[in-house]
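J.: I'm passing along work.cif; it holds mmCIF, C-alpha atoms.
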```cif
data_run
#
loop_
_atom_site.label_atom_id
_atom_site.label_comp_id
_atom_site.auth_asym_id
_atom_site.auth_seq_id
_atom_site.Cartn_x
_atom_site.Cartn_y
_atom_site.Cartn_z
CA MET M 1 0.00 0.00 0.00
CA ASN M 2 1.40 3.39 -0.94
CA LYS M 3 1.15 6.73 0.76
CA ASP M 4 -1.84 7.94 -1.25
CA SER M 5 -3.98 4.84 -0.98
CA ALA M 6 -3.35 4.78 2.79
CA LEU M 7 -4.57 8.36 3.07
CA LEU M 8 -7.71 7.56 1.09
CA ALA M 9 -8.44 4.54 3.30
CA TYR M 10 -7.84 6.61 6.41
CA VAL M 11 -10.19 9.38 5.30
CA MET M 12 -12.86 6.78 4.47
CA ARG M 13 -12.57 5.41 8.00
CA LEU M 14 -13.01 8.85 9.47
CA GLY M 15 -16.09 9.30 7.30
CA ASP M 16 -17.48 5.87 8.22
CA ASN M 17 -16.99 6.48 11.94
CA ALA M 18 -18.82 9.79 11.73
CA LEU M 19 -21.65 8.45 9.57
CA VAL M 20 -22.31 5.28 11.55
CA LEU M 21 -22.31 7.05 14.90
CA GLY M 22 -24.41 9.89 13.47
CA GLN M 23 -26.96 7.41 12.10
CA ARG M 24 -27.21 5.64 15.46
CA MET M 25 -27.89 8.99 17.13
CA ILE M 26 -30.50 9.88 14.53
CA GLU M 27 -32.39 6.74 15.53
CA LEU M 28 -32.97 8.47 18.87
CA VAL M 29 -34.32 11.71 17.45
CA ALA M 30 -37.76 12.41 18.93
CA ALA M 31 -37.28 9.61 21.47
CA TYR M 32 -35.87 11.59 24.40
CA PRO M 33 -38.18 12.25 27.34
CA GLU M 34 -36.62 15.65 27.95
CA LEU M 35 -36.15 18.60 25.62
CA GLU M 36 -32.60 19.55 26.49
CA GLU M 37 -31.24 16.08 25.79
CA GLU M 38 -33.39 15.78 22.69
CA LEU M 39 -31.79 18.93 21.28
CA ALA M 40 -28.32 17.93 22.42
CA ASN M 41 -28.56 14.57 20.69
CA ALA M 42 -29.98 16.01 17.46
CA ASN M 43 -27.37 18.78 17.35
CA PHE M 44 -24.53 16.38 17.99
CA ALA M 45 -25.83 13.94 15.38
CA LEU M 46 -25.88 16.80 12.89
CA ASP M 47 -22.24 17.56 13.65
CA TYR M 48 -21.35 13.96 12.86
CA LEU M 49 -23.29 13.99 9.62
CA GLY M 50 -21.57 17.20 8.60
CA GLN M 51 -18.18 15.71 9.38
CA ALA M 52 -19.02 12.53 7.46
CA ARG M 53 -19.96 14.64 4.44
CA MET M 54 -16.66 16.53 4.53
CA PHE M 55 -14.59 13.34 4.85
CA TYR M 56 -16.54 11.52 2.13
CA THR M 57 -16.37 14.45 -0.26
CA TYR M 58 -12.62 14.57 0.20
CA ALA M 59 -12.37 10.78 -0.19
CA GLY M 60 -14.22 11.14 -3.49
CA ASP M 61 -11.68 13.72 -4.64
CA LEU M 62 -8.76 11.55 -3.57
CA GLU M 63 -10.20 8.48 -5.25
CA GLY M 64 -10.87 10.38 -8.47
CA LYS M 65 -13.61 8.09 -9.74
CA GLY M 66 -16.41 10.58 -9.40
CA ARG M 67 -18.03 9.01 -6.34
CA SER M 68 -19.95 11.43 -4.15
CA GLU M 69 -20.70 11.53 -0.44
CA ASP M 70 -24.07 9.92 -1.20
CA ASP M 71 -22.48 7.07 -3.16
CA PHE M 72 -20.28 6.27 -0.17
CA ALA M 73 -23.13 6.46 2.33
CA PHE M 74 -25.89 4.73 0.41
CA LEU M 75 -24.35 2.44 -2.16
CA ARG M 76 -21.79 0.44 -0.23
CA ASP M 77 -22.34 -2.86 1.53
CA GLU M 78 -21.61 -3.73 5.10
CA HIS M 79 -18.14 -5.21 4.46
CA GLU M 80 -17.07 -2.01 2.72
CA PHE M 81 -17.63 0.07 5.86
CA ARG M 82 -14.51 0.56 7.98
CA ASN M 83 -15.99 2.08 11.12
CA LEU M 84 -15.11 1.00 14.64
CA LEU M 85 -17.28 -1.79 16.06
CA LEU M 86 -18.05 0.37 19.09
CA LEU M 87 -19.99 2.85 16.99
CA GLU M 88 -22.35 0.37 15.34
CA GLN M 89 -23.53 -1.11 18.65
CA PRO M 90 -27.26 -0.58 19.24
CA ASN M 91 -28.25 2.41 21.33
CA GLY M 92 -29.50 0.51 24.35
CA HIS M 93 -30.53 2.83 27.19
CA PHE M 94 -29.40 6.40 27.82
CA GLY M 95 -26.44 5.26 29.93
CA ASP M 96 -25.26 3.01 27.10
CA SER M 97 -25.44 5.87 24.60
CA ILE M 98 -23.58 8.29 26.85
CA THR M 99 -20.92 5.72 27.68
CA LYS M 100 -20.39 4.92 24.02
CA LEU M 101 -19.99 8.61 23.22
CA VAL M 102 -17.52 9.28 26.00
CA LEU M 103 -15.38 6.22 25.18
CA PHE M 104 -15.24 7.18 21.51
CA GLU M 105 -15.03 10.95 21.75
CA LEU M 106 -12.07 10.90 24.13
CA PHE M 107 -10.24 8.95 21.43
CA TYR M 108 -11.64 10.93 18.49
CA PHE M 109 -10.82 14.27 20.05
CA ALA M 110 -7.18 13.26 20.54
CA GLN M 111 -7.09 11.85 17.01
CA LEU M 112 -8.44 15.11 15.56
CA GLU M 113 -6.02 17.19 17.60
CA ALA M 114 -3.15 15.21 16.12
CA LEU M 115 -4.59 15.46 12.61
CA VAL M 116 -4.79 19.26 12.83
CA GLY M 117 -1.01 19.16 12.56
CA CYS M 118 -0.76 16.54 9.81
CA GLU M 119 0.77 17.15 6.41
CA ASP M 120 -2.37 16.86 4.36
CA ALA M 121 -3.91 20.32 4.33
CA ARG M 122 -7.50 19.22 3.71
CA VAL M 123 -7.54 16.60 6.47
CA ALA M 124 -5.97 19.18 8.78
CA GLU M 125 -8.65 21.76 8.11
CA ILE M 126 -11.56 19.33 8.46
CA ALA M 127 -9.99 18.14 11.72
CA ALA M 128 -9.71 21.73 12.98
CA ARG M 129 -13.40 22.31 12.30
CA ALA M 130 -14.49 18.99 13.84
CA GLU M 131 -12.26 19.31 16.89
CA LYS M 132 -14.16 22.36 18.12
CA GLU M 133 -17.42 20.47 17.87
CA ILE M 134 -16.22 17.34 19.64
CA ARG M 135 -14.78 19.46 22.44
CA TYR M 136 -18.27 20.76 23.06
CA HIS M 137 -19.79 17.25 22.90
CA LEU M 138 -17.30 15.94 25.42
CA ARG M 139 -18.07 18.66 27.89
CA HIS M 140 -21.72 17.64 27.84
CA ASN M 141 -21.34 13.87 27.63
CA THR M 142 -18.66 13.62 30.30
CA GLN M 143 -20.88 15.51 32.74
CA TRP M 144 -23.60 12.96 32.12
CA LEU M 145 -21.37 9.97 32.69
CA VAL M 146 -20.30 11.44 36.03
CA ARG M 147 -23.88 12.31 36.94
CA LEU M 148 -25.12 8.81 36.14
CA GLY M 149 -22.23 7.03 37.84
CA ASP M 150 -22.33 9.23 40.91
CA GLY M 151 -26.12 9.36 40.87
CA THR M 152 -28.66 6.94 42.30
CA GLU M 153 -27.99 3.35 43.15
CA GLU M 154 -29.82 2.27 40.01
CA SER M 155 -28.13 4.73 37.65
CA HIS M 156 -24.75 3.73 39.09
CA ARG M 157 -25.42 0.03 38.62
CA ARG M 158 -26.75 0.42 35.11
CA VAL M 159 -24.04 2.71 33.78
CA GLN M 160 -21.36 0.47 35.30
CA GLU M 161 -22.93 -2.32 33.24
CA SER M 162 -22.72 -0.08 30.17
CA VAL M 163 -19.02 0.56 30.75
CA ASN M 164 -18.37 -3.16 31.30
CA ALA M 165 -20.30 -4.16 28.18
CA LEU M 166 -18.76 -1.60 25.82
CA TRP M 167 -15.20 -1.81 27.12
CA ARG M 168 -14.37 -4.76 24.86
CA TYR M 169 -14.84 -2.53 21.80
CA THR M 170 -12.29 0.05 22.89
CA GLY M 171 -9.13 -1.92 22.07
CA GLU M 172 -9.72 -1.62 18.35
CA MET M 173 -9.31 2.15 18.44
CA PHE M 174 -5.63 1.75 19.30
CA GLU M 175 -4.71 -1.21 17.11
CA ALA M 176 -2.40 0.23 14.49
CA ASP M 177 -2.63 -1.54 11.16
CA GLU M 178 -0.79 -0.76 7.93
CA ILE M 179 -3.04 2.22 7.14
CA ASP M 180 -2.54 3.83 10.56
CA THR M 181 1.18 3.24 10.38
CA ILE M 182 1.60 4.76 6.92
CA VAL M 183 -0.55 7.76 7.82
CA GLU M 184 1.51 8.29 10.94
CA ARG M 185 4.87 8.03 9.18
CA ALA M 186 4.17 9.54 5.78
CA TRP M 187 1.56 12.15 6.71
CA GLY M 188 2.36 13.02 10.30
CA GLY M 189 -0.81 11.39 11.63
CA PRO M 190 -1.35 10.29 15.23
CA ASN M 191 0.63 7.64 17.01
CA LEU M 192 -1.96 5.23 18.38
CA GLY M 193 0.25 4.12 21.24
CA GLU M 194 0.48 7.69 22.47
CA LEU M 195 -3.24 8.19 21.98
CA ARG M 196 -3.91 5.08 24.05
CA GLY M 197 -1.82 6.34 26.96
CA ARG M 198 -3.63 9.64 26.95
CA TRP M 199 -7.04 8.01 26.57
CA LEU M 200 -6.44 5.68 29.51
CA ALA M 201 -5.43 8.59 31.72
CA ASP M 202 -8.50 10.60 30.64
CA ILE M 203 -11.01 7.81 31.06
CA ASP M 204 -9.45 6.81 34.38
CA ALA M 205 -9.96 10.33 35.73
CA ILE M 206 -13.56 10.46 34.53
CA LEU M 207 -14.44 7.04 35.92
CA ILE M 208 -12.97 7.98 39.31
CA ASN M 209 -15.11 11.12 39.29
CA ALA M 210 -18.11 9.01 38.36
CA THR M 211 -17.34 6.49 41.15
CA LEU M 212 -17.21 3.80 38.48
CA ASP M 213 -14.70 0.99 38.18
CA MET M 214 -12.49 0.64 35.16
CA PRO M 215 -12.99 -2.86 33.78
CA GLU M 216 -10.00 -5.16 33.91
CA SER M 217 -8.28 -5.44 30.59
CA GLY M 218 -9.43 -8.58 28.87
CA TRP M 219 -10.37 -9.82 25.45
CA MET M 220 -10.97 -7.08 22.93
CA ALA M 221 -13.16 -7.37 19.85
CA SER M 222 -11.83 -6.01 16.60
CA GLY M 223 -12.36 -6.21 12.85
CA GLY M 224 -14.38 -3.09 12.07
CA LYS M 225 -11.37 -1.30 10.63
CA ALA M 226 -10.95 -4.23 8.21
CA GLY M 227 -14.64 -4.49 7.30
CA ARG M 228 -15.54 -7.40 9.61
CA HIS M 229 -18.51 -6.19 11.59
CA THR M 230 -20.84 -7.30 14.34
CA GLU M 231 -24.31 -8.40 13.29
CA HIS M 232 -25.74 -4.97 14.14
CA LEU M 233 -24.28 -2.93 11.29
CA GLY M 234 -26.15 -4.74 8.52
CA TYR M 235 -29.56 -3.96 10.03
CA MET M 236 -28.60 -0.37 10.60
CA ILE M 237 -27.43 0.33 7.06
CA ALA M 238 -30.35 -1.63 5.59
CA GLU M 239 -32.65 0.97 7.10
CA MET M 240 -30.35 3.86 6.27
CA GLN M 241 -29.97 2.83 2.63
CA TYR M 242 -33.54 1.70 1.99
CA LEU M 243 -34.60 4.64 -0.13
CA GLN M 244 -31.60 4.68 -2.47
CA ARG M 245 -31.65 0.91 -2.82
CA SER M 246 -35.37 0.75 -3.64
CA HIS M 247 -35.47 3.89 -5.76
CA PRO M 248 -32.01 4.23 -7.25
CA GLY M 249 -31.04 7.81 -7.98
CA ALA M 250 -34.03 9.29 -6.16
CA SER M 251 -33.44 12.90 -5.25
CA TRP M 252 -35.32 15.95 -4.01
CA MET U 1 -16.65 38.05 -22.23
CA VAL U 2 -18.04 41.40 -21.20
CA ALA U 3 -15.76 43.35 -18.89
CA ALA U 4 -16.87 43.37 -15.26
CA THR U 5 -19.06 46.34 -14.54
CA TYR U 6 -19.12 45.87 -10.82
CA SER U 7 -16.51 46.30 -8.14
CA ARG U 8 -15.55 44.14 -5.21
CA ASP U 9 -17.14 46.67 -2.84
CA GLU U 10 -20.40 46.48 -4.70
CA ILE U 11 -20.40 42.70 -4.51
CA LEU U 12 -19.71 42.93 -0.78
CA ARG U 13 -22.56 45.38 -0.36
CA TRP U 14 -24.93 43.03 -2.17
CA LEU U 15 -23.74 40.13 -0.03
CA GLY U 16 -24.51 42.32 2.98
CA GLN U 17 -28.16 42.02 2.00
CA VAL U 18 -28.18 38.22 2.05
CA ALA U 19 -29.86 37.12 5.27
CA ASP U 20 -28.83 34.16 7.37
CA PRO U 21 -31.79 31.76 6.98
CA GLU U 22 -31.81 30.77 10.65
CA ILE U 23 -31.34 34.24 12.14
CA PRO U 24 -32.71 36.50 9.41
CA VAL U 25 -31.81 39.78 11.14
CA LEU U 26 -28.18 38.93 10.49
CA SER U 27 -26.65 39.15 7.06
CA ILE U 28 -23.94 36.75 6.05
CA THR U 29 -21.41 39.58 6.28
CA ASP U 30 -22.56 40.39 9.85
CA LEU U 31 -22.03 36.73 10.65
CA GLY U 32 -18.48 36.89 9.35
CA ILE U 33 -18.76 33.91 7.03
CA VAL U 34 -17.86 35.82 3.86
CA ARG U 35 -14.12 35.29 3.79
CA ASP U 36 -13.15 36.71 0.45
CA VAL U 37 -14.52 38.11 -2.77
CA ASP U 38 -12.49 38.07 -5.92
CA VAL U 39 -13.61 39.83 -9.08
CA GLY U 40 -11.76 38.46 -12.07
CA ASP U 41 -13.09 36.82 -15.21
CA ARG U 42 -15.68 35.47 -12.87
CA VAL U 43 -16.69 36.35 -9.34
CA THR U 44 -15.43 34.04 -6.63
CA VAL U 45 -17.02 34.18 -3.21
CA ALA U 46 -15.32 32.29 -0.40
CA LEU U 47 -17.65 31.25 2.43
CA SER U 48 -16.99 29.44 5.71
CA PRO U 49 -19.57 27.08 7.16
CA THR U 50 -20.40 27.78 10.79
CA TYR U 51 -20.87 24.20 12.01
CA SER U 52 -19.97 21.08 9.99
CA GLY U 53 -23.55 19.97 9.83
CA CYS U 54 -25.18 23.38 9.59
CA PRO U 55 -28.27 22.82 7.45
CA ALA U 56 -28.15 26.45 6.37
CA THR U 57 -24.92 26.05 4.39
CA GLU U 58 -26.58 25.04 1.12
CA VAL U 59 -29.38 27.57 1.54
CA ILE U 60 -26.84 30.34 2.04
CA GLU U 61 -24.89 29.33 -1.04
CA LYS U 62 -28.05 29.41 -3.11
CA SER U 63 -29.05 32.79 -1.65
CA VAL U 64 -25.66 34.21 -2.64
CA LEU U 65 -26.07 32.99 -6.20
CA ASP U 66 -29.62 34.40 -6.33
CA ALA U 67 -28.62 37.77 -4.88
CA LEU U 68 -25.75 38.23 -7.32
CA HIS U 69 -27.90 37.04 -10.19
CA ASP U 70 -30.44 39.75 -9.32
CA HIS U 71 -27.67 42.28 -9.83
CA GLY U 72 -26.70 40.78 -13.16
CA VAL U 73 -23.73 38.78 -11.94
CA ASP U 74 -24.13 35.30 -13.34
CA ASP U 75 -20.67 33.81 -13.50
CA VAL U 76 -20.14 33.08 -9.84
CA GLU U 77 -18.09 30.43 -8.14
CA ILE U 78 -18.59 29.65 -4.47
CA LYS U 79 -15.68 28.23 -2.54
CA ARG U 80 -16.07 26.65 0.86
CA VAL U 81 -13.21 27.61 3.13
CA LEU U 82 -12.71 25.51 6.23
CA SER U 83 -9.46 26.88 7.52
CA PRO U 84 -9.16 28.60 9.86
CA PRO U 85 -12.50 27.40 11.22
CA TRP U 86 -15.24 29.96 11.72
CA THR U 87 -15.59 31.31 15.23
CA THR U 88 -18.26 33.48 16.82
CA ASP U 89 -15.51 36.09 17.31
CA TRP U 90 -15.99 36.94 13.63
CA ILE U 91 -19.52 38.22 14.17
CA THR U 92 -19.22 41.96 13.61
CA ASP U 93 -20.10 44.64 16.16
CA ALA U 94 -23.06 45.64 14.00
CA GLY U 95 -24.11 42.01 13.95
CA ARG U 96 -23.90 41.78 17.73
CA GLU U 97 -26.12 44.85 18.08
CA LYS U 98 -28.67 43.38 15.67
CA LEU U 99 -28.71 40.13 17.63
CA ARG U 100 -29.35 41.99 20.88
CA ASN U 101 -32.17 44.00 19.36
CA TYR U 102 -33.67 40.78 18.03
CA GLY U 103 -33.69 39.29 21.53
CA ILE U 104 -30.67 37.00 21.23
CA ALA U 105 -27.74 37.59 23.58
CA PRO U 106 -24.61 37.83 21.43
CA PRO U 107 -21.68 35.50 22.11
CA GLU U 108 -18.94 36.48 24.49
CA ARG U 109 -15.75 37.58 22.75
CA GLY U 110 -12.68 35.42 22.94
CA ALA U 111 -14.23 32.07 22.08
CA GLY U 112 -11.12 30.28 23.18
CA LYS U 113 -10.78 26.84 24.58
CA ARG U 114 -11.76 28.26 27.93
CA ALA U 115 -15.28 29.20 26.93
CA LEU U 116 -15.76 25.88 25.20
CA LEU U 117 -14.60 23.82 28.11
CA ARG U 118 -15.81 25.73 31.13
CA GLY U 119 -18.98 27.24 29.83
CA GLU U 120 -19.91 30.88 29.62
CA ARG U 121 -19.30 33.44 32.30
CA LYS U 122 -22.00 36.11 32.55
CA VAL U 123 -24.65 36.34 29.90
CA ALA U 124 -26.54 39.64 29.90
CA CYS U 125 -30.25 39.67 29.18
CA PRO U 126 -30.78 41.21 25.72
CA ARG U 127 -33.92 43.01 26.96
CA CYS U 128 -33.01 44.54 30.32
CA ALA U 129 -29.21 44.03 30.30
CA SER U 130 -29.27 42.38 33.72
CA THR U 131 -26.61 39.74 34.26
CA ALA U 132 -28.81 37.92 36.75
CA THR U 133 -29.60 35.22 34.23
CA GLU U 134 -29.72 31.45 34.34
CA ARG U 135 -29.19 28.81 31.74
CA VAL U 136 -32.26 26.71 31.08
CA SER U 137 -30.70 24.45 28.48
CA GLU U 138 -27.29 24.27 26.90
CA PHE U 139 -29.08 23.64 23.62
CA GLY U 140 -31.66 25.60 21.71
CA SER U 141 -33.69 25.88 18.54
CA THR U 142 -30.57 25.72 16.38
CA ALA U 143 -27.14 24.20 16.91
CA CYS U 144 -25.63 27.60 17.62
CA LYS U 145 -27.89 28.69 20.48
CA ALA U 146 -28.55 27.93 24.15
CA SER U 147 -31.70 28.77 26.12
CA TYR U 148 -31.58 31.24 29.03
CA ARG U 149 -33.94 33.03 31.39
CA CYS U 150 -33.54 36.43 32.99
CA SER U 151 -34.12 36.44 36.74
CA GLU U 152 -34.68 40.21 36.68
CA CYS U 153 -37.29 40.74 33.97
CA LEU U 154 -38.25 37.05 33.92
CA GLU U 155 -38.15 36.84 30.12
CA PRO U 156 -36.75 33.77 28.42
CA PHE U 157 -34.15 34.44 25.73
CA GLU U 158 -31.63 32.70 23.54
CA TYR U 159 -27.88 33.00 23.76
CA PHE U 160 -25.61 32.62 20.75
CA LYS U 161 -23.00 30.17 22.00
CA CYS U 162 -19.29 30.76 21.69
CA ILE U 163 -17.47 28.44 19.39
#
```
Show this structure as structure tokens.

T.:
Amino acid sequence: MNKDSALLAYVMRLGDNALVLGQRMIELVAAYPELEEELANANFALDYLGQARMFYTYAGDLEGKGRSEDDFAFLRDEHEFRNLLLLEQPNGHFGDSITKLVLFELFYFAQLEALVGCEDARVAEIAARAEKEIRYHLRHNTQWLVRLGDGTEESHRRVQESVNALWRYTGEMFEADEIDTIVERAWGGPNLGELRGRWLADIDAILINATLDMPESGWMASGGKAGRHTEHLGYMIAEMQYLQRSHPGASW
Amino acid sequence: MVAATYSRDEILRWLGQVADPEIPVLSITDLGIVRDVDVGDRVTVALSPTYSGCPATEVIEKSVLDALHDHGVDDVEIKRVLSPPWTTDWITDAGREKLRNYGIAPPERGAGKRALLRGERKVACPRCASTATERVSEFGSTACKASYRCSECLEPFEYFKCI
């Protein structure tokens, strides 16, 4: 794999992460029992969709085959998506959603911060835009994790279960494969080992604040970055892609 | 090709009449998203999106094309500029005044990492200017606003968040 194809693959992953998480959040639109959280979720989902569009549009330019953001979102099959397994997991309850966001966004924020300084100008500028948004998300979502963990007996128990259940999907974020390695060396991208150290310190501090236990390190699931997904992604994209699949080329 | 019969200042003045679709008292120049105008063989307008997913982005681009078309400028290219990312610090003083008159508290200046991480300091009520205000919700009717209430005059109002 050369420098350019690694960059394209990397940008596609960034787009897939943003789209898949954004789509999961959209499933919750109009489902919140409380207006503030309803608006927070919808606004955050919109940020992810916007970021996905920017990454996909750039991927289309890099690829040079005339594929658009919509082609990437609606006309690819499950095995062609390269998002993290964590992000395709079903929403579950509110504690599950918040936990998923905090686990991912602590990583994503550090990834974006590193990409702001990378050698590809377009990735750097998209990262600079997105970083500001994720900073805002984290402020909100971290508060919730602490509130739930340090809340009632029931909220504490349930969000501890969320952390335990989702923990196994966090290892994949820091597994450097060929694409990560080339982007780090040839484009000045993030070093995943460094990101992991920082992430562990951050999540440790938050969990202590939330009176939650950090799960013991154990078996970690992976495969999303190589297109091997859990059963959940297929159902999600089937719904997401329904219109374009049934009515090819439909537009409004 | 007919020689350009309009100047850069004229184009900027016309762009100053294009309203932001979500906060129509503000023009896109008040908002600070017009980054550059270049009058050459064709007119190039560089715009910055506010938020990545701002649904107004496409509407604004179309409004710019329409507004220039109304003034006889048809060969227009719109460039999206991401870097440096838009910040509420670019909202002009005139824009801030218009926001206040419209009932929206303008964003604090200096939208640094501090404001983003720690939250806002004092938000003054756009109606009575009291700083005895409380945040009702960190989110509002659009991605860029939060909901507040004034403890003095008891009116609810929106606050344009710093970013």

J.: Could you list the residues in chain U lying within 6 Å of chain M, using only C-alpha atoms, and format the result as a ChimeraX atom specification?

T.: /U:52-53,82-83,85,137,139,143

J.: Which residues are near Leu115 in chain M? Cut-off 8 Å, only C-alpha atoms, ignore same chain within fewer than 3 positions. Put them as an NGL selection string.

T.: :M and (111-112 or 118 or 123-124 or 127 or 188-190)

J.: Given the choices M:Arg196, M:Arg147, M:Arg168, M:Arg158, which gets closest to Ile208 in chain M if the distance is worked out from only C-alpha atoms?

T.: M:Arg147

J.: Just how far from CA of Leu15 in chain U is CA of Asp30 in chain U, in Å to one decimal?

T.: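 We find that CA of Asp30 in chain U and CA of Leu15 in chain U lie 10.0 Å from each other.
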
J.: Taking the file above as input, evaluate the PyMOL selection byres ((chain M and resi 178-181) around 9) and report the hits as a PyMOL selection string.

T.: chain M and resi 1+3+5-7+9-10+175-177+182-186+189-192

J.: Interatomic distance between CA of Pro49 in chain U and CA of Leu21 in chain M?

T.: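 Straight-line distance from CA of Pro49 in chain U to CA of Leu21 in chain M works out to 21.6 Å.
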
J.: Report, in Å with one decimal, the straight-line distance from CA of Glu158 in chain U to CA of Gly140 in chain U.

T.: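 Computing it gives 7.3 Å between the two atoms.
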
J.: Once you count all atoms listed in the file, which residues end up no further than 8 Å from (-29.0, 38.1, 36.1) in the file's frame, shown as a list in words?

T.: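 Residues with an atom close enough to that point: Val123, Ala124, Cys125, Ser130, Thr131, Ala132, Thr133, Glu134, Cys150, Ser151 and Glu152 of chain U.
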
J.: With C-alpha atoms retained, write the just-selected residues as a PDB file, keeping the file's coordinate frame.

T.:
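For reference, again_10.pdb as written:
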```pdb
ATOM      1  CA  VAL U 123     -24.650  36.340  29.900  1.00  0.00           C
ATOM      2  CA  ALA U 124     -26.540  39.640  29.900  1.00  0.00           C
ATOM      3  CA  CYS U 125     -30.250  39.670  29.180  1.00  0.00           C
ATOM      4  CA  SER U 130     -29.270  42.380  33.720  1.00  0.00           C
ATOM      5  CA  THR U 131     -26.610  39.740  34.260  1.00  0.00           C
ATOM      6  CA  ALA U 132     -28.810  37.920  36.750  1.00  0.00           C
ATOM      7  CA  THR U 133     -29.600  35.220  34.230  1.00  0.00           C
ATOM      8  CA  GLU U 134     -29.720  31.450  34.340  1.00  0.00           C
ATOM      9  CA  CYS U 150     -33.540  36.430  32.990  1.00  0.00           C
ATOM     10  CA  SER U 151     -34.120  36.440  36.740  1.00  0.00           C
ATOM     11  CA  GLU U 152     -34.680  40.210  36.680  1.00  0.00           C
TER      12      GLU U 152
END
```

J.: Using the chain letters and numbering of this document, enumerate as an mmCIF file with C-alpha atoms, in the coordinates of the input the residues selected by the PyMOL selection byres ((chain U and resi 90) around 9).

T.:
```
data_model
loop_
_atom_site.group_PDB
_atom_site.id
_atom_site.type_symbol
_atom_site.label_atom_id
_atom_site.label_comp_id
_atom_site.auth_asym_id
_atom_site.auth_seq_id
_atom_site.Cartn_x
_atom_site.Cartn_y
_atom_site.Cartn_z
ATOM 1 C CA ASP U 30 -22.560 40.390 9.850
ATOM 2 C CA LEU U 31 -22.030 36.730 10.650
ATOM 3 C CA GLY U 32 -18.480 36.890 9.350
ATOM 4 C CA ILE U 33 -18.760 33.910 7.030
ATOM 5 C CA TRP U 86 -15.240 29.960 11.720
ATOM 6 C CA THR U 87 -15.590 31.310 15.230
ATOM 7 C CA THR U 88 -18.260 33.480 16.820
ATOM 8 C CA ASP U 89 -15.510 36.090 17.310
ATOM 9 C CA ILE U 91 -19.520 38.220 14.170
ATOM 10 C CA THR U 92 -19.220 41.960 13.610
#
```

J.: Under the rule of at most 8 Å, produce a per-residue listing of range 1-106 of chain M near range 241-246 of chain M: chain, number, name, the closest pair of atoms, and the distance in Å, as CSV, using all atoms listed in the file.

T.:
```
residue,atom,partner,partner_atom,distance
M:Ala73,CA,M:Gln241,CA,7.7
M:Phe74,CA,M:Gln241,CA,5.0
M:Leu75,CA,M:Gln241,CA,7.4
```
